file model_32.tsv (TSV, C-alpha atoms and all ligand atoms)
chain	number	residue	atom	x	y	z
A	1	MET	CA	4.56	-13.64	-3.50
A	2	SER	CA	6.34	-11.24	-1.17
A	3	ALA	CA	4.38	-9.42	1.51
A	4	LEU	CA	3.24	-5.81	1.12
A	5	ILE	CA	4.92	-4.99	4.42
A	6	GLU	CA	7.76	-7.06	5.86
A	7	VAL	CA	9.12	-6.19	9.27
A	8	ASN	CA	12.50	-7.87	9.69
A	9	ALA	CA	14.40	-8.07	12.99
A	10	LEU	CA	13.18	-4.64	14.02
A	11	GLY	CA	14.90	-3.14	17.04
A	12	PHE	CA	13.82	0.10	18.69
A	13	SER	CA	14.69	1.95	21.90
A	14	TYR	CA	13.51	5.18	23.47
A	15	GLY	CA	15.85	7.37	25.46
A	16	SER	CA	19.52	8.21	25.36
A	17	ARG	CA	22.64	6.11	25.88
A	18	ASP	CA	22.49	6.64	29.66
A	19	PHE	CA	18.83	5.75	30.04
A	20	LYS	CA	17.59	3.42	27.39
A	21	HIS	CA	14.22	1.72	27.18
A	22	GLU	CA	14.53	-1.10	24.68
A	23	LEU	CA	11.04	-1.67	23.31
A	24	PHE	CA	11.56	-3.93	20.28
A	25	ASP	CA	14.33	-6.46	19.96
A	26	GLY	CA	14.06	-8.44	16.75
A	27	LEU	CA	10.40	-7.96	15.84
A	28	ASN	CA	9.20	-9.82	12.72
A	29	LEU	CA	5.89	-9.42	10.95
A	30	ASN	CA	4.42	-9.87	7.47
A	31	ILE	CA	1.33	-8.09	6.18
A	32	GLN	CA	-0.17	-9.06	2.83
A	33	ALA	CA	-1.80	-6.64	0.40
A	34	GLY	CA	-5.52	-6.32	1.11
A	35	GLU	CA	-5.41	-7.45	4.74
A	36	PHE	CA	-7.48	-5.76	7.46
A	37	ILE	CA	-5.36	-6.15	10.58
A	38	GLY	CA	-6.09	-5.39	14.22
A	39	LEU	CA	-3.17	-4.61	16.53
A	40	THR	CA	-4.01	-5.14	20.18
A	41	GLY	CA	-2.15	-5.25	23.48
A	42	PRO	CA	-2.04	-3.57	26.87
A	43	SER	CA	-1.14	0.08	27.25
A	44	GLY	CA	2.58	0.55	26.70
A	45	SER	CA	3.03	-2.67	24.70
A	46	GLY	CA	4.32	-0.75	21.67
A	47	LYS	CA	1.34	-0.53	19.32
A	48	SER	CA	1.69	3.19	18.55
A	49	THR	CA	5.44	2.92	18.19
A	50	LEU	CA	5.09	0.10	15.66
A	51	LEU	CA	2.47	2.04	13.69
A	52	ASN	CA	4.67	5.14	13.76
A	53	ILE	CA	7.58	3.14	12.36
A	54	LEU	CA	5.38	1.59	9.63
A	55	GLY	CA	3.98	5.06	8.84
A	56	LEU	CA	7.44	6.64	8.57
A	57	ILE	CA	6.76	8.93	11.51
A	58	GLU	CA	9.42	7.27	13.66
A	59	SER	CA	12.72	6.24	12.11
A	60	ILE	CA	14.04	2.70	11.86
A	61	GLN	CA	16.94	2.15	14.26
A	62	HIS	CA	17.75	-1.55	13.79
A	63	GLY	CA	16.51	-4.14	11.33
A	64	ASP	CA	14.36	-3.07	8.43
A	65	VAL	CA	10.84	-2.62	7.13
A	66	ARG	CA	10.21	-3.43	3.48
A	67	LEU	CA	7.26	-1.86	1.74
A	68	MET	CA	6.48	-3.63	-1.55
A	69	GLY	CA	9.98	-5.05	-1.36
A	70	GLU	CA	11.63	-1.65	-0.91
A	71	SER	CA	13.83	-1.10	2.13
A	72	LEU	CA	12.58	1.85	4.21
A	73	LYS	CA	15.79	1.84	6.22
A	74	SER	CA	17.85	2.77	3.19
A	75	ALA	CA	15.24	5.02	1.52
A	76	SER	CA	16.28	8.67	1.05
A	77	GLU	CA	14.34	11.46	2.80
A	78	ASP	CA	12.83	12.43	-0.57
A	79	ARG	CA	11.63	8.90	-1.15
A	80	LYS	CA	10.18	8.68	2.37
A	81	ASN	CA	8.34	11.96	1.83
A	82	TYR	CA	6.94	10.59	-1.41
A	83	LEU	CA	5.69	7.45	0.37
A	84	ARG	CA	4.19	9.51	3.23
A	85	LEU	CA	2.34	11.64	0.69
A	86	ASN	CA	1.21	8.97	-1.72
A	87	THR	CA	1.30	5.48	-0.31
A	88	LEU	CA	0.57	5.72	3.41
A	89	GLY	CA	-2.49	7.24	5.07
A	90	PHE	CA	-2.63	7.88	8.82
A	91	ILE	CA	-5.65	8.35	11.12
A	92	PHE	CA	-5.30	9.38	14.76
A	93	GLN	CA	-7.52	9.14	17.83
A	94	ASP	CA	-8.03	12.92	17.97
A	95	PHE	CA	-8.66	13.46	14.23
A	96	HIS	CA	-6.03	16.21	13.62
A	97	LEU	CA	-8.44	18.30	11.53
A	98	MET	CA	-8.04	22.05	11.10
A	99	ASN	CA	-11.01	23.81	12.71
A	100	THR	CA	-10.57	27.00	10.69
A	101	LEU	CA	-11.10	25.11	7.42
A	102	THR	CA	-14.30	23.55	6.12
A	103	VAL	CA	-14.65	19.81	5.78
A	104	LEU	CA	-13.98	20.09	2.05
A	105	GLU	CA	-10.95	22.32	2.52
A	106	ASN	CA	-9.46	19.94	5.09
A	107	VAL	CA	-9.62	17.09	2.59
A	108	GLN	CA	-8.78	19.15	-0.51
A	109	PHE	CA	-5.64	20.51	1.13
A	110	PHE	CA	-4.24	16.98	1.40
A	111	ALA	CA	-5.20	16.16	-2.18
A	112	SER	CA	-3.46	19.33	-3.39
A	113	LEU	CA	-0.22	18.25	-1.67
A	114	GLN	CA	-0.02	15.55	-4.31
A	115	GLY	CA	0.47	18.09	-7.04
A	116	LEU	CA	-3.11	18.09	-8.31
A	117	ASP	CA	-4.46	21.41	-9.59
A	118	GLU	CA	-7.32	23.05	-7.67
A	119	ARG	CA	-10.11	21.51	-9.71
A	120	GLN	CA	-8.65	18.00	-9.59
A	121	ALA	CA	-7.94	18.28	-5.87
A	122	ARG	CA	-11.51	19.43	-5.24
A	123	LEU	CA	-12.94	16.54	-7.25
A	124	ARG	CA	-10.69	14.06	-5.47
A	125	ALA	CA	-11.76	15.48	-2.09
A	126	LEU	CA	-15.47	15.37	-2.96
A	127	LEU	CA	-15.15	11.76	-4.07
A	128	ALA	CA	-13.34	10.82	-0.85
A	129	LEU	CA	-16.05	12.55	1.22
A	130	ARG	CA	-18.72	10.66	-0.70
A	131	ARG	CA	-16.96	7.36	-0.03
A	132	VAL	CA	-17.15	7.93	3.73
A	133	GLY	CA	-20.72	9.26	3.60
A	134	MET	CA	-19.78	12.83	4.52
A	135	LEU	CA	-20.45	14.64	1.25
A	136	LYS	CA	-23.52	16.46	2.53
A	137	HIS	CA	-21.47	18.08	5.31
A	138	TYR	CA	-18.76	19.46	3.04
A	139	ARG	CA	-19.37	23.14	3.90
A	140	LYS	CA	-19.30	22.64	7.68
A	141	LYS	CA	-16.37	23.25	9.98
A	142	PRO	CA	-15.10	20.25	12.00
A	143	PHE	CA	-16.38	21.73	15.30
A	144	GLU	CA	-19.94	21.52	13.90
A	145	LEU	CA	-19.67	17.74	13.55
A	146	SER	CA	-19.93	14.82	15.96
A	147	GLY	CA	-16.79	12.87	16.88
A	148	GLY	CA	-17.70	10.03	14.54
A	149	GLN	CA	-18.32	12.43	11.67
A	150	ARG	CA	-14.98	14.13	12.32
A	151	GLN	CA	-13.22	10.79	12.22
A	152	ARG	CA	-14.90	10.02	8.88
A	153	VAL	CA	-13.59	13.33	7.53
A	154	ALA	CA	-10.13	12.34	8.77
A	155	ILE	CA	-10.52	9.04	6.92
A	156	ALA	CA	-11.57	10.94	3.76
A	157	ARG	CA	-8.51	13.13	4.11
A	158	ALA	CA	-6.26	10.07	4.25
A	159	LEU	CA	-8.23	8.51	1.39
A	160	ALA	CA	-7.79	11.54	-0.86
A	161	LYS	CA	-4.18	10.45	-1.26
A	162	ARG	CA	-5.40	7.09	-2.61
A	163	PRO	CA	-3.10	5.29	-0.18
A	164	GLN	CA	-2.29	1.61	-0.46
A	165	VAL	CA	-1.99	1.32	3.30
A	166	LEU	CA	-4.16	3.02	5.90
A	167	ILE	CA	-2.77	3.09	9.43
A	168	ALA	CA	-5.22	3.94	12.21
A	169	ASP	CA	-4.08	4.51	15.80
A	170	GLU	CA	-7.02	4.10	18.20
A	171	PRO	CA	-9.54	5.55	15.69
A	172	THR	CA	-12.55	4.79	17.91
A	173	ALA	CA	-11.05	5.60	21.32
A	174	SER	CA	-12.70	8.99	21.70
A	175	LEU	CA	-16.03	7.92	20.20
A	176	ASP	CA	-19.22	6.45	21.61
A	177	GLN	CA	-20.13	2.92	20.55
A	178	ASP	CA	-22.45	3.93	17.68
A	179	SER	CA	-19.93	6.37	16.17
A	180	GLY	CA	-17.17	3.80	16.61
A	181	THR	CA	-19.28	1.28	14.70
A	182	VAL	CA	-19.80	3.71	11.82
A	183	VAL	CA	-16.06	4.40	11.67
A	184	MET	CA	-15.23	0.68	11.63
A	185	GLU	CA	-17.87	0.08	8.94
A	186	THR	CA	-16.29	2.84	6.89
A	187	LEU	CA	-12.88	1.21	7.22
A	188	ARG	CA	-14.33	-2.18	6.25
A	189	TYR	CA	-15.89	-0.65	3.15
A	190	LEU	CA	-12.54	0.87	2.12
A	191	ASN	CA	-10.83	-2.47	2.65
A	192	GLU	CA	-13.43	-4.53	0.78
A	193	ALA	CA	-14.44	-2.13	-2.00
A	194	LEU	CA	-11.16	-0.36	-2.68
A	195	GLY	CA	-8.69	-3.01	-1.54
A	196	VAL	CA	-6.90	-0.67	0.87
A	197	THR	CA	-4.71	-2.57	3.34
A	198	ILE	CA	-5.70	-1.42	6.83
A	199	ILE	CA	-3.89	-1.73	10.16
A	200	VAL	CA	-5.85	-0.59	13.23
A	201	ALA	CA	-4.38	-0.41	16.73
A	202	SER	CA	-7.04	-0.45	19.41
A	203	HIS	CA	-7.98	-1.26	22.99
A	204	ASP	CA	-11.56	-1.39	21.87
A	205	SER	CA	-13.13	-4.83	21.41
A	206	ILE	CA	-15.34	-3.23	18.76
A	207	ILE	CA	-12.61	-3.95	16.20
A	208	ASP	CA	-12.79	-7.74	16.74
A	209	SER	CA	-15.80	-8.21	14.51
A	210	TYR	CA	-14.29	-6.17	11.66
A	211	VAL	CA	-10.64	-7.16	11.30
A	212	GLN	CA	-9.57	-10.34	9.48
A	213	ARG	CA	-6.52	-10.94	11.68
A	214	THR	CA	-5.51	-9.73	15.12
A	215	ILE	CA	-1.88	-9.29	16.08
A	216	HIS	CA	-1.38	-9.17	19.83
A	217	MET	CA	1.61	-7.48	21.46
A	218	VAL	CA	2.86	-7.61	25.02
A	219	ASP	CA	5.92	-5.63	26.16
A	220	GLY	CA	7.16	-5.04	22.63
A	221	VAL	CA	6.83	-8.69	21.62
A	222	ILE	CA	4.25	-10.09	19.20
A	223	VAL	CA	2.77	-12.98	21.17
A	224	ASP	CA	0.10	-13.84	18.61
A	225	HIS	CA	0.24	-13.16	14.87
A	226	GLY	CA	-3.43	-14.16	14.55
A	227	GLY	CA	-5.24	-16.80	12.53
A	228	ALA	CA	-4.16	-20.35	11.84
A	229	HIS	CA	-3.79	-19.59	8.13
A	230	HIS	CA	-1.00	-17.20	9.03
A	231	ALA	CA	0.89	-19.74	11.10
A	232	ALA	CA	3.71	-19.86	8.57
A	233	GLU	CA	4.42	-16.21	9.32
A	234	VAL	CA	4.88	-16.70	13.03
A	235	PHE	CA	8.52	-16.24	13.86
A	236	ALA	CA	10.20	-16.82	17.18
A	237	THR	CA	10.57	-13.37	18.70
B	1	LIG	N1	8.54	9.52	23.19
B	1	LIG	C1	8.78	8.56	24.09
B	1	LIG	N2	9.84	8.63	24.92
B	1	LIG	C2	10.10	7.64	25.80
B	1	LIG	N3	9.35	6.54	25.92
B	1	LIG	C3	8.27	6.41	25.14
B	1	LIG	C4	7.93	7.41	24.17
B	1	LIG	N4	6.82	7.01	23.50
B	1	LIG	C5	6.47	5.81	24.04
B	1	LIG	N5	7.34	5.46	25.01
B	1	LIG	C6	7.31	4.23	25.81
B	1	LIG	O1	7.35	3.11	24.92
B	1	LIG	C7	6.42	2.10	25.35
B	1	LIG	C8	5.45	1.81	24.22
B	1	LIG	O2	4.64	2.94	24.00
B	1	LIG	P1	3.51	2.96	22.88
B	1	LIG	O3	2.85	4.29	22.93
B	1	LIG	O4	4.08	2.49	21.59
B	1	LIG	O5	2.53	1.81	23.43
B	1	LIG	P2	0.99	1.56	23.11
B	1	LIG	O6	0.83	0.06	23.12
B	1	LIG	O7	0.60	2.27	21.87
B	1	LIG	O8	0.28	2.18	24.36
B	1	LIG	P3	-1.20	2.84	24.46
B	1	LIG	O9	-2.15	1.72	24.17
B	1	LIG	O10	-1.26	3.32	25.87
B	1	LIG	O11	-1.26	3.95	23.45
B	1	LIG	C9	5.80	2.62	26.62
B	1	LIG	O12	6.49	2.07	27.73
B	1	LIG	C10	5.99	4.11	26.56
B	1	LIG	O13	6.09	4.67	27.84
call {"tool": "encode", "arguments": {"input": "model_32.tsv", "output": "structure tokens", "more": "lines below"}}
Ligand SMILES: Nc1ncnc2c1ncn2[C@@H]1O[C@H](COP(=O)(O)OP(=O)(O)OP(=O)(O)O)[C@@H](O)[C@H]1O
result
Amino acid sequence: MSALIEVNALGFSYGSRDFKHELFDGLNLNIQAGEFIGLTGPSGSGKSTLLNILGLIESIQHGDVRLMGESLKSASEDRKNYLRLNTLGFIFQDFHLMNTLTVLENVQFFASLQGLDERQARLRALLALRRVGMLKHYRKKPFELSGGQRQRVAIARALAKRPQVLIADEPTASLDQDSGTVVMETLRYLNEALGVTIIVASHDSIIDSYVQRTIHMVDGVIVDHGGAHHAAEVFAT
């Protein structure tokens, strides 16, 4: 069975022709449907860049990423927009919620981008909020919530798209330990109960007891693909 995500000979540089910082040079990685992956590594090792490429935020320069067998390098802008809206969910360290909107409106807005009418989008948003345990706060504004609660709203917002893949970049970095634990438990529930494939980049050792496999990067190179049962996927990089 082919992987849900296949990263093949990925190359990526920052900068211009005169001053180039080559970050990835032939990166390979397979992620299976339903995995809960941790991505670790020192600051500057390339975790965010890899997540941004997988999440279609950063474009593919060399090599390719296949999502369910489909080449993202050759996908049209329309197709990439469709995948951003429907297949991929993204969660950031600083939540990216709109403070002028209520919790429900923040989530409903994303659901409505999928072409649902107002009633359907509202129902979808309420369900997503219930799944992350935030339904009772639906009328509040984000600034009335704790950091952990805000992150759970951000997860609900991503979830309202019913994504197959949830990408989380340092989701616990601005949270205290207890809030970070609640966020990780929420992600584990989504992975186990809904089968969402989750990739979490983090410096925080809190993720170790939640993820099923940890991929470790140093200087743009994957030095450990994690877990003996994944040994067949380890490529020379
Ligand atoms: N927009 C950019 N322009 C130039 N260089 C960049 C840019 N973004 C990242 N870099 C460089 O690319 C390298 C990888 O950065 P990246 O943010 O992917 O690492 P990271 O592992 O996520 O780091 P951190 O854990 O600190 O967030 C770093 O050396 C960084 O300075």
call {"tool": "closest_residue", "arguments": {"input": "model_32.tsv", "among": "A:Leu88, A:Leu23, A:Val153, A:Leu72", "to": "ligand LIG 1 (chain B)", "atoms": "all atoms listed in the file"}}
result
A:Leu23
call {"tool": "residues_near_ligand", "arguments": {"input": "model_32.tsv", "ligand": "ligand LIG 1 (chain B)", "cutoff": "10 Å", "atoms": "only C-alpha atoms and all ligand atoms", "output": "ChimeraX atom specification"}}
result
/A:12-16,19-24,39-53,58,93,169-170,201-203,217-220
call {"tool": "atom_distance", "arguments": {"input": "model_32.tsv", "atom1": "atom CA of A:Gln32", "atom2": "atom CA of A:Ile5"}}
result
6.7 Å
call {"tool": "residues_around", "arguments": {"input": "model_32.tsv", "residues": "A:Arg84", "least_positions_apart": "4", "cutoff": "8 Å", "atoms": "all atoms listed in the file", "output": "VMD selection string"}}
result
chain A and resid 55 to 56 80 88 to 89
call {"tool": "closest_residue", "arguments": {"input": "model_32.tsv", "among": "A:Ile199, A:Ala33, A:Leu67, A:Ala160", "to": "A:Glu105", "atoms": "only C-alpha atoms"}}
result
A:Ala160
call {"tool": "closest_residue", "arguments": {"input": "model_32.tsv", "among": "A:Met184, A:Ile57, A:Leu85, A:Val103", "to": "A:Val211", "atoms": "all atoms listed in the file"}}
result
A:Met184
